[in-house]
Amino acid sequence: MSFFKKKKNKNGNKSILNHVDERNEINKDRLKTNLKVNIEHVSQMLGNSSDLVIREIQIGKGRQVKACIFYTDGLVDTNSIQNFIMESLMTDIQSEQDLLISSQQSILQDLKNRILAVGDIEDVTEFNSLLTSLLSGDVILLVDGYAQGFVIGMRGGKDRGVTESTTETVVRGPKEGFTESLRTNTALIRRKIKTPHLWLETKKIGRETITDVAIMYIDGIVNDDVIEEVRRRLDRIEIDGILESGYIEELIQDEVYSPFPTVYNSERPDKVAAELLEGKVAILVDGTPNVLVVPALFVSFIQAAEDYYQRADISSLIRLLRFFSLFVALLVPSLYIAITTFHQEMLPTGLLISLAAQREGVPFPAFIEALMMEAAFEILREASLRMPKAIAQAISIVGTLVIGSAAVEAGIVSAAMVIVVAITAISSFVLPSFAISMSIRMLRFPMMALAASFGLFGILIGFIALVLHLCSLRSFGVPYMSPFGPFIKEDINDTLIRIPRGKMFFRPRLISQKNIRREEPMTRKPDDTKTP
């Protein structure tokens, strides 16, 4: 019975592949000279979709030539079509000098060079390219008697405007964030970096979605090997659709099973511009505000854009606070479990008596107690993300307070455990990157299990294994823990702390490897020190 089932699936898959190959071959057919055949073929390939607008017109003196305009309703700027295409083609031509039809020259050349009042015009000769442009928001113009047409750039439609990023908020700094429009996002970056060396490459990925994916980098600063590696990894992607940059991130990352992200993502144009100036590569995907940046280092996930808008001393203090919060979010529940279970002698007598009195009526060991509280808080945090914004904040705060106090009064958990879980949760919110925060949240549970099994020795073993794993990671050929491992003295200036901007002369050496000097030492004239 299973043999016939397997055989049926195999034949079914084969027929599907044959259908796909046949459809691709049809798409690669060249345009015909008969306009009516072209119209029928385009309508058939799109299944006579109701959002496909087909406008047949007659142009030229005496309306002797038939033409047709295709566009997808909702993806184009209809006002521009009316003002710059229809008006140019439908206006009556009175003089012989403006005669569109001539025996000496092609109608297409006359349309392209003199008639159409638009700037973005490209030739198209195949149905495959025609359909891709049509479904991307371009306008197609075909003329009877020619196996060639025009792709006219009239992309528009409704999209979200530039607003402040909701995931990476700052007190001081630009308030604009990326949108779902690829061209808007590239323009936001070009507004930050106006050099002609900022280059842009565009690829189409996804057999069905045909999503535009752009690569941005600064020529002369970026490492050529990194660019080639990015191109190679993007070119080997074979998938039916790309709906968000997370698809690309998962397909090009170095380590699939590592809890740590090896590709950085951001919604802030100033953050991405700063990464480009470091010699990194930005990958922009049409339809999402999250821009990918490679190579990604561990310290990049701890740094925030606001670190460079404040004074160096303030930024250094806040950055040290983030690193401290990272260790708190990872290790505090484990340390509480280890000390209360195996190493009570490490606590002062008064604190030990207080904790023992709190745990007197608790029926569970410290590990189970911490596991229940951590799980409850993770459920509340996930629920607050899915609930309507109007009630999410109130429900999360009230739910946490009610559940915590009720659990203590019921004798299920101790008050000290509620404090530990609350401090851990708050510390995880200090990290500016949501990706690294998720990694710490996942690693917290195995560290708790090691603490419950072996005490502080288990925490030490887990921490050593974690450091070894981090040192083994690479992101597009760059060590993940640089400049700590390998240790680069000059690059330490912008990791745990940030030195004053006037002394940050060099870019990270393992990322750029050429044109590493970004700033010349400031020279002060003797007269500058005099006060008026």
# chains A, B, ... in the order shown; residues from 1 in each chain; ligands from 1

call {"tool": "select_by_dssp", "arguments": {"residues": "segment 249-484 of chain A", "states": "alpha helix (DSSP H)", "output": "compact mmCIF listing (two decimals) with N, CA and C atoms, in the first residue's frame"}}
result
# COMPACT_ATOMS: atom_id res chain seq x y z
N GLU A 249 17.95 36.29 5.47
CA GLU A 249 18.85 36.12 6.61
C GLU A 249 19.09 34.65 6.92
N GLU A 250 18.02 33.86 6.91
CA GLU A 250 18.16 32.45 7.25
C GLU A 250 18.89 31.67 6.17
N LEU A 251 18.80 32.12 4.93
CA LEU A 251 19.41 31.39 3.83
C LEU A 251 20.88 31.74 3.62
N ILE A 252 21.33 32.88 4.13
CA ILE A 252 22.73 33.29 3.90
C ILE A 252 23.55 33.27 5.17
N PRO A 269 17.86 54.17 9.18
CA PRO A 269 18.80 54.51 8.10
C PRO A 269 20.15 55.01 8.61
N ASP A 270 20.16 55.76 9.73
CA ASP A 270 21.44 56.26 10.25
C ASP A 270 22.32 55.12 10.75
N LYS A 271 21.70 54.10 11.32
CA LYS A 271 22.46 52.94 11.79
C LYS A 271 23.08 52.18 10.62
N VAL A 272 22.30 51.97 9.58
CA VAL A 272 22.81 51.26 8.39
C VAL A 272 23.88 52.09 7.70
N ALA A 273 23.70 53.41 7.63
CA ALA A 273 24.71 54.27 7.02
C ALA A 273 26.03 54.20 7.80
N ALA A 274 25.93 54.16 9.13
CA ALA A 274 27.15 54.05 9.94
C ALA A 274 27.85 52.72 9.69
N GLU A 275 27.07 51.66 9.52
CA GLU A 275 27.68 50.35 9.24
C GLU A 275 28.34 50.34 7.87
N LEU A 276 27.74 51.00 6.89
CA LEU A 276 28.36 51.09 5.56
C LEU A 276 29.69 51.83 5.64
N LEU A 277 29.76 52.87 6.44
CA LEU A 277 31.01 53.61 6.59
C LEU A 277 32.08 52.80 7.31
N ALA A 312 31.22 61.10 24.71
CA ALA A 312 31.89 59.81 24.84
C ALA A 312 31.74 59.24 26.23
N ASP A 313 31.80 60.08 27.27
CA ASP A 313 31.69 59.55 28.63
C ASP A 313 30.30 58.99 28.92
N ILE A 314 29.27 59.69 28.43
CA ILE A 314 27.91 59.21 28.63
C ILE A 314 27.68 57.92 27.84
N SER A 315 28.14 57.89 26.60
CA SER A 315 27.96 56.69 25.77
C SER A 315 28.69 55.50 26.36
N SER A 316 29.89 55.73 26.89
CA SER A 316 30.66 54.63 27.49
C SER A 316 29.95 54.07 28.71
N LEU A 317 29.40 54.94 29.55
CA LEU A 317 28.68 54.48 30.74
C LEU A 317 27.46 53.66 30.35
N ILE A 318 26.70 54.13 29.39
CA ILE A 318 25.50 53.40 28.97
C ILE A 318 25.87 52.07 28.33
N ARG A 319 26.96 52.06 27.57
CA ARG A 319 27.37 50.81 26.91
C ARG A 319 27.82 49.78 27.94
N LEU A 320 28.55 50.22 28.97
CA LEU A 320 28.94 49.30 30.04
C LEU A 320 27.71 48.78 30.78
N LEU A 321 26.70 49.64 30.91
CA LEU A 321 25.46 49.21 31.55
C LEU A 321 24.78 48.11 30.72
N ARG A 322 24.86 48.21 29.40
CA ARG A 322 24.26 47.18 28.55
C ARG A 322 24.98 45.85 28.70
N PHE A 323 26.30 45.88 28.72
CA PHE A 323 27.05 44.63 28.91
C PHE A 323 26.73 44.01 30.28
N PHE A 324 26.62 44.84 31.29
CA PHE A 324 26.25 44.34 32.61
C PHE A 324 24.85 43.73 32.59
N SER A 325 23.92 44.38 31.90
CA SER A 325 22.55 43.86 31.79
C SER A 325 22.52 42.54 31.04
N LEU A 326 23.41 42.39 30.06
CA LEU A 326 23.47 41.12 29.33
C LEU A 326 23.83 39.97 30.28
N PHE A 327 24.82 40.19 31.12
CA PHE A 327 25.21 39.14 32.07
C PHE A 327 24.13 38.91 33.11
N VAL A 328 23.45 39.97 33.52
CA VAL A 328 22.35 39.81 34.48
C VAL A 328 21.23 38.97 33.87
N ALA A 329 20.84 39.29 32.63
CA ALA A 329 19.76 38.55 31.98
C ALA A 329 20.12 37.09 31.75
N LEU A 330 21.39 36.80 31.58
CA LEU A 330 21.81 35.43 31.30
C LEU A 330 22.06 34.61 32.56
N LEU A 331 22.65 35.23 33.60
CA LEU A 331 23.20 34.44 34.70
C LEU A 331 22.49 34.59 36.05
N VAL A 332 21.73 35.65 36.28
CA VAL A 332 21.17 35.87 37.61
C VAL A 332 20.24 34.74 38.06
N PRO A 333 19.29 34.26 37.24
CA PRO A 333 18.48 33.12 37.73
C PRO A 333 19.33 31.89 38.03
N SER A 334 20.35 31.64 37.20
CA SER A 334 21.21 30.48 37.43
C SER A 334 22.00 30.64 38.72
N LEU A 335 22.51 31.84 38.98
CA LEU A 335 23.26 32.07 40.23
C LEU A 335 22.37 31.91 41.45
N TYR A 336 21.14 32.38 41.36
CA TYR A 336 20.21 32.23 42.49
C TYR A 336 19.94 30.75 42.77
N ILE A 337 19.72 29.97 41.69
CA ILE A 337 19.45 28.54 41.88
C ILE A 337 20.67 27.84 42.47
N ALA A 338 21.87 28.15 41.93
CA ALA A 338 23.08 27.47 42.40
C ALA A 338 23.38 27.80 43.85
N ILE A 339 23.25 29.07 44.23
CA ILE A 339 23.61 29.47 45.58
C ILE A 339 22.61 28.94 46.60
N THR A 340 21.31 29.05 46.30
CA THR A 340 20.31 28.58 47.25
C THR A 340 20.24 27.07 47.34
N THR A 341 20.73 26.37 46.33
CA THR A 341 20.65 24.90 46.33
C THR A 341 21.93 24.25 46.84
N THR A 349 24.58 35.44 56.93
CA THR A 349 23.65 34.69 57.78
C THR A 349 22.25 35.30 57.78
N GLY A 350 22.18 36.61 57.86
CA GLY A 350 20.87 37.26 57.87
C GLY A 350 20.10 37.02 56.58
N LEU A 351 20.79 37.14 55.44
CA LEU A 351 20.12 36.91 54.15
C LEU A 351 19.72 35.45 54.01
N LEU A 352 20.58 34.55 54.48
CA LEU A 352 20.26 33.13 54.38
C LEU A 352 19.02 32.79 55.20
N ILE A 353 18.91 33.35 56.41
CA ILE A 353 17.74 33.10 57.24
C ILE A 353 16.48 33.66 56.59
N SER A 354 16.61 34.86 55.99
CA SER A 354 15.45 35.47 55.32
C SER A 354 14.98 34.62 54.14
N LEU A 355 15.92 34.14 53.31
CA LEU A 355 15.54 33.30 52.17
C LEU A 355 14.95 31.97 52.63
N ALA A 356 15.52 31.41 53.70
CA ALA A 356 14.98 30.15 54.21
C ALA A 356 13.56 30.32 54.73
N ALA A 357 13.29 31.45 55.37
CA ALA A 357 11.94 31.71 55.88
C ALA A 357 10.95 31.88 54.73
N GLN A 358 11.38 32.52 53.63
CA GLN A 358 10.50 32.70 52.47
C GLN A 358 10.21 31.37 51.79
N ALA A 366 14.22 25.11 43.90
CA ALA A 366 14.47 26.43 43.30
C ALA A 366 14.42 26.39 41.78
N PHE A 367 14.90 25.30 41.17
CA PHE A 367 14.90 25.22 39.70
C PHE A 367 13.48 25.20 39.15
N ILE A 368 12.61 24.37 39.71
CA ILE A 368 11.22 24.32 39.25
C ILE A 368 10.53 25.65 39.50
N GLU A 369 10.82 26.26 40.62
CA GLU A 369 10.24 27.56 40.96
C GLU A 369 10.64 28.61 39.92
N ALA A 370 11.94 28.66 39.60
CA ALA A 370 12.41 29.62 38.60
C ALA A 370 11.87 29.30 37.23
N LEU A 371 11.79 28.02 36.89
CA LEU A 371 11.28 27.62 35.58
C LEU A 371 9.84 28.04 35.40
N MET A 372 9.01 27.88 36.42
CA MET A 372 7.61 28.29 36.32
C MET A 372 7.47 29.80 36.16
N MET A 373 8.24 30.55 36.93
CA MET A 373 8.14 32.01 36.85
C MET A 373 8.67 32.53 35.52
N GLU A 374 9.77 31.99 35.03
CA GLU A 374 10.31 32.42 33.73
C GLU A 374 9.33 32.09 32.61
N ALA A 375 8.76 30.89 32.66
CA ALA A 375 7.79 30.51 31.63
C ALA A 375 6.56 31.40 31.67
N ALA A 376 6.08 31.72 32.89
CA ALA A 376 4.91 32.60 33.01
C ALA A 376 5.19 33.98 32.45
N PHE A 377 6.40 34.50 32.72
CA PHE A 377 6.72 35.83 32.21
C PHE A 377 6.88 35.82 30.69
N GLU A 378 7.47 34.76 30.13
CA GLU A 378 7.60 34.67 28.67
C GLU A 378 6.23 34.61 28.00
N ILE A 379 5.30 33.91 28.64
CA ILE A 379 3.94 33.85 28.08
C ILE A 379 3.29 35.22 28.11
N LEU A 380 3.46 35.94 29.22
CA LEU A 380 2.89 37.29 29.31
C LEU A 380 3.53 38.23 28.29
N ARG A 381 4.84 38.12 28.09
CA ARG A 381 5.50 38.99 27.13
C ARG A 381 5.03 38.69 25.71
N GLU A 382 4.88 37.42 25.37
CA GLU A 382 4.42 37.07 24.03
C GLU A 382 2.97 37.49 23.84
N ALA A 383 2.16 37.35 24.88
CA ALA A 383 0.76 37.76 24.77
C ALA A 383 0.63 39.26 24.58
N SER A 384 1.49 40.04 25.25
CA SER A 384 1.42 41.49 25.10
C SER A 384 1.78 41.93 23.70
N LEU A 385 2.60 41.14 22.99
CA LEU A 385 2.95 41.49 21.61
C LEU A 385 1.80 41.24 20.65
N ARG A 386 0.94 40.26 20.97
CA ARG A 386 -0.14 39.87 20.05
C ARG A 386 -1.45 40.59 20.35
N LYS A 389 -2.78 47.11 20.80
CA LYS A 389 -1.88 48.03 21.50
C LYS A 389 -2.57 48.80 22.61
N ALA A 390 -3.86 49.04 22.47
CA ALA A 390 -4.56 49.85 23.47
C ALA A 390 -4.61 49.17 24.83
N ILE A 391 -4.61 47.84 24.85
CA ILE A 391 -4.74 47.13 26.13
C ILE A 391 -3.50 46.29 26.46
N ALA A 392 -2.56 46.18 25.52
CA ALA A 392 -1.42 45.29 25.72
C ALA A 392 -0.58 45.72 26.92
N GLN A 393 -0.27 47.02 27.00
CA GLN A 393 0.58 47.48 28.08
C GLN A 393 -0.08 47.31 29.44
N ALA A 394 -1.36 47.65 29.51
CA ALA A 394 -2.08 47.53 30.79
C ALA A 394 -2.18 46.07 31.21
N ILE A 395 -2.49 45.19 30.27
CA ILE A 395 -2.65 43.77 30.59
C ILE A 395 -1.32 43.17 31.05
N SER A 396 -0.22 43.53 30.38
CA SER A 396 1.07 42.96 30.73
C SER A 396 1.51 43.39 32.13
N ILE A 397 1.33 44.68 32.45
CA ILE A 397 1.74 45.17 33.77
C ILE A 397 0.85 44.59 34.87
N VAL A 398 -0.48 44.69 34.67
CA VAL A 398 -1.41 44.19 35.67
C VAL A 398 -1.26 42.68 35.84
N GLY A 399 -1.11 41.97 34.70
CA GLY A 399 -0.98 40.52 34.76
C GLY A 399 0.25 40.09 35.52
N THR A 400 1.36 40.80 35.30
CA THR A 400 2.60 40.45 36.01
C THR A 400 2.46 40.69 37.51
N LEU A 401 1.91 41.84 37.88
CA LEU A 401 1.76 42.15 39.31
C LEU A 401 0.80 41.18 40.00
N VAL A 402 -0.34 40.92 39.34
CA VAL A 402 -1.34 40.05 39.95
C VAL A 402 -0.81 38.63 40.09
N ILE A 403 -0.22 38.11 39.02
CA ILE A 403 0.28 36.74 39.07
C ILE A 403 1.41 36.60 40.08
N GLY A 404 2.34 37.58 40.10
CA GLY A 404 3.45 37.51 41.04
C GLY A 404 3.00 37.55 42.49
N SER A 405 2.13 38.51 42.81
CA SER A 405 1.68 38.62 44.21
C SER A 405 0.81 37.43 44.61
N ALA A 406 -0.03 36.97 43.68
CA ALA A 406 -0.89 35.82 44.00
C ALA A 406 -0.07 34.56 44.20
N ALA A 407 0.99 34.39 43.40
CA ALA A 407 1.84 33.21 43.54
C ALA A 407 2.58 33.21 44.87
N VAL A 408 3.02 34.39 45.31
CA VAL A 408 3.71 34.49 46.60
C VAL A 408 2.74 34.20 47.75
N GLU A 409 1.54 34.79 47.69
CA GLU A 409 0.55 34.58 48.75
C GLU A 409 0.10 33.12 48.81
N ALA A 415 9.11 35.25 47.44
CA ALA A 415 9.18 36.66 47.01
C ALA A 415 10.52 36.96 46.37
N ALA A 416 11.59 36.33 46.86
CA ALA A 416 12.91 36.56 46.28
C ALA A 416 12.97 36.10 44.83
N MET A 417 12.29 34.99 44.51
CA MET A 417 12.29 34.50 43.12
C MET A 417 11.56 35.48 42.21
N VAL A 418 10.49 36.09 42.69
CA VAL A 418 9.78 37.09 41.88
C VAL A 418 10.70 38.26 41.58
N ILE A 419 11.47 38.70 42.56
CA ILE A 419 12.42 39.80 42.36
C ILE A 419 13.48 39.42 41.32
N VAL A 420 14.01 38.20 41.44
CA VAL A 420 15.05 37.74 40.50
C VAL A 420 14.51 37.70 39.08
N VAL A 421 13.32 37.15 38.90
CA VAL A 421 12.74 37.06 37.55
C VAL A 421 12.45 38.45 37.00
N ALA A 422 11.98 39.36 37.82
CA ALA A 422 11.68 40.72 37.36
C ALA A 422 12.95 41.44 36.92
N ILE A 423 14.02 41.33 37.72
CA ILE A 423 15.29 41.97 37.35
C ILE A 423 15.83 41.39 36.06
N THR A 424 15.71 40.07 35.92
CA THR A 424 16.19 39.42 34.69
C THR A 424 15.41 39.90 33.47
N ALA A 425 14.11 39.99 33.59
CA ALA A 425 13.29 40.42 32.46
C ALA A 425 13.57 41.87 32.08
N ILE A 426 13.69 42.73 33.07
CA ILE A 426 13.98 44.14 32.78
C ILE A 426 15.35 44.29 32.14
N SER A 427 16.32 43.51 32.58
CA SER A 427 17.67 43.60 32.00
C SER A 427 17.68 43.17 30.54
N SER A 428 16.85 42.22 30.18
CA SER A 428 16.81 41.79 28.77
C SER A 428 16.27 42.88 27.86
N PHE A 429 15.45 43.80 28.40
CA PHE A 429 14.92 44.89 27.59
C PHE A 429 15.96 45.99 27.36
N VAL A 430 17.04 45.99 28.13
CA VAL A 430 18.07 47.02 27.96
C VAL A 430 18.84 46.82 26.66
N PHE A 434 16.78 43.21 19.28
CA PHE A 434 15.84 42.17 19.67
C PHE A 434 16.40 40.78 19.40
N ALA A 435 17.25 40.66 18.37
CA ALA A 435 17.81 39.34 18.02
C ALA A 435 18.70 38.81 19.12
N ILE A 436 19.59 39.65 19.66
CA ILE A 436 20.48 39.18 20.72
C ILE A 436 19.70 38.97 22.02
N SER A 437 18.64 39.72 22.23
CA SER A 437 17.79 39.53 23.40
C SER A 437 17.12 38.16 23.36
N MET A 438 16.68 37.74 22.18
CA MET A 438 16.08 36.42 22.03
C MET A 438 17.11 35.33 22.30
N SER A 439 18.34 35.52 21.87
CA SER A 439 19.39 34.53 22.12
C SER A 439 19.63 34.36 23.60
N ILE A 440 19.70 35.47 24.34
CA ILE A 440 19.91 35.39 25.78
C ILE A 440 18.73 34.72 26.47
N ARG A 441 17.53 35.01 26.01
CA ARG A 441 16.35 34.37 26.60
C ARG A 441 16.37 32.86 26.40
N MET A 442 16.83 32.40 25.24
CA MET A 442 16.91 30.96 25.00
C MET A 442 17.99 30.29 25.84
N LEU A 443 19.15 30.94 25.96
CA LEU A 443 20.27 30.34 26.69
C LEU A 443 20.06 30.37 28.19
N ARG A 444 19.15 31.19 28.67
CA ARG A 444 18.91 31.28 30.10
C ARG A 444 18.44 29.94 30.68
N PHE A 445 17.63 29.21 29.95
CA PHE A 445 17.06 27.96 30.47
C PHE A 445 18.10 26.85 30.59
N PRO A 446 18.95 26.57 29.58
CA PRO A 446 20.00 25.56 29.81
C PRO A 446 20.98 25.95 30.90
N MET A 447 21.25 27.24 31.07
CA MET A 447 22.12 27.66 32.17
C MET A 447 21.46 27.39 33.51
N MET A 448 20.15 27.57 33.61
CA MET A 448 19.44 27.24 34.84
C MET A 448 19.50 25.74 35.12
N ALA A 449 19.39 24.92 34.08
CA ALA A 449 19.47 23.47 34.26
C ALA A 449 20.86 23.05 34.75
N LEU A 450 21.91 23.66 34.19
CA LEU A 450 23.27 23.35 34.64
C LEU A 450 23.48 23.77 36.09
N ALA A 451 22.93 24.93 36.47
CA ALA A 451 23.06 25.39 37.85
C ALA A 451 22.33 24.46 38.81
N ALA A 452 21.16 23.95 38.41
CA ALA A 452 20.41 23.04 39.26
C ALA A 452 21.09 21.68 39.37
N SER A 453 21.90 21.32 38.40
CA SER A 453 22.55 20.00 38.40
C SER A 453 23.92 20.02 39.08
N PHE A 454 24.72 21.06 38.81
CA PHE A 454 26.11 21.07 39.28
C PHE A 454 26.49 22.32 40.05
N LEU A 456 27.59 26.11 40.93
CA LEU A 456 28.44 27.10 40.26
C LEU A 456 29.38 26.45 39.25
N PHE A 457 29.75 25.17 39.51
CA PHE A 457 30.60 24.47 38.54
C PHE A 457 29.86 24.28 37.21
N GLY A 458 28.58 24.01 37.27
CA GLY A 458 27.78 23.89 36.05
C GLY A 458 27.69 25.21 35.30
N ILE A 459 27.52 26.31 36.05
CA ILE A 459 27.47 27.63 35.40
C ILE A 459 28.81 27.93 34.72
N LEU A 460 29.90 27.59 35.41
CA LEU A 460 31.22 27.82 34.83
C LEU A 460 31.44 27.00 33.58
N ILE A 461 31.03 25.74 33.59
CA ILE A 461 31.16 24.89 32.41
C ILE A 461 30.32 25.44 31.26
N GLY A 462 29.09 25.81 31.55
CA GLY A 462 28.24 26.37 30.50
C GLY A 462 28.78 27.66 29.93
N PHE A 463 29.34 28.52 30.81
CA PHE A 463 29.87 29.80 30.33
C PHE A 463 31.11 29.58 29.46
N ILE A 464 31.97 28.65 29.84
CA ILE A 464 33.15 28.35 29.02
C ILE A 464 32.72 27.80 27.66
N ALA A 465 31.76 26.88 27.65
CA ALA A 465 31.27 26.34 26.38
C ALA A 465 30.66 27.44 25.52
N LEU A 466 29.98 28.39 26.15
CA LEU A 466 29.38 29.50 25.41
C LEU A 466 30.45 30.39 24.78
N VAL A 467 31.51 30.69 25.53
CA VAL A 467 32.59 31.52 25.00
C VAL A 467 33.31 30.80 23.86
N LEU A 468 33.55 29.51 24.01
CA LEU A 468 34.20 28.75 22.94
C LEU A 468 33.34 28.74 21.67
N HIS A 469 32.03 28.61 21.85
CA HIS A 469 31.14 28.63 20.69
C HIS A 469 31.17 30.00 20.01
N LEU A 470 31.15 31.07 20.79
CA LEU A 470 31.18 32.41 20.22
C LEU A 470 32.48 32.64 19.45
N CYS A 471 33.59 32.17 19.99
CA CYS A 471 34.88 32.36 19.33
C CYS A 471 35.01 31.53 18.05
N SER A 472 34.22 30.48 17.94
CA SER A 472 34.27 29.65 16.73
C SER A 472 33.41 30.19 15.59

call {"tool": "residues_around", "arguments": {"residues": "Arg517 of chain A", "least_positions_apart": "4", "cutoff": "7 Å", "atoms": "only C-alpha atoms", "output": "list in words"}}
result
Phe505, Phe506 and Arg507 of chain A

call {"tool": "select_by_dssp", "arguments": {"residues": "segment 223-387 of chain A", "states": "strand (DSSP E or B)", "output": "tab-separated table (two decimals) with N, CA and C atoms, in the first residue's frame"}}
result
chain	number	residue	atom	x	y	z
A	264	TYR	N	23.15	41.03	11.00
A	264	TYR	CA	22.53	42.12	11.76
A	264	TYR	C	21.39	42.73	10.95
A	265	ASN	N	20.33	43.17	11.61
A	265	ASN	CA	19.23	43.84	10.92
A	265	ASN	C	18.82	45.08	11.70
A	266	SER	N	18.36	46.08	10.98
A	266	SER	CA	17.99	47.36	11.60
A	266	SER	C	16.91	48.03	10.78
A	281	VAL	N	28.31	45.62	4.34
A	281	VAL	CA	27.41	45.54	3.18
A	281	VAL	C	25.98	45.49	3.69
A	282	ALA	N	25.10	46.29	3.07
A	282	ALA	CA	23.69	46.31	3.43
A	282	ALA	C	22.89	45.56	2.37
A	283	ILE	N	21.94	44.75	2.82
A	283	ILE	CA	21.06	43.99	1.93
A	283	ILE	C	19.64	44.45	2.18
A	284	LEU	N	19.03	45.07	1.18
A	284	LEU	CA	17.68	45.61	1.31
A	284	LEU	C	16.72	44.73	0.51
A	285	VAL	N	15.58	44.41	1.10
A	285	VAL	CA	14.58	43.56	0.48
A	285	VAL	C	13.30	44.36	0.32
A	291	VAL	N	16.47	46.04	7.25
A	291	VAL	CA	17.61	45.96	6.34
A	291	VAL	C	18.69	45.12	7.01
A	292	LEU	N	19.26	44.18	6.25
A	292	LEU	CA	20.30	43.29	6.75
A	292	LEU	C	21.67	43.92	6.55
A	293	VAL	N	22.58	43.67	7.48
A	293	VAL	CA	23.95	44.18	7.41
A	293	VAL	C	24.91	43.03	7.69
A	294	VAL	N	25.89	42.85	6.82
A	294	VAL	CA	26.93	41.82	7.01
A	294	VAL	C	28.29	42.46	6.70

call {"tool": "closest_residue", "arguments": {"among": "A:Leu142, A:Leu182, A:Val299, A:Ile248", "to": "Asn493 of chain A", "atoms": "only C-alpha atoms"}}
result
A:Val299
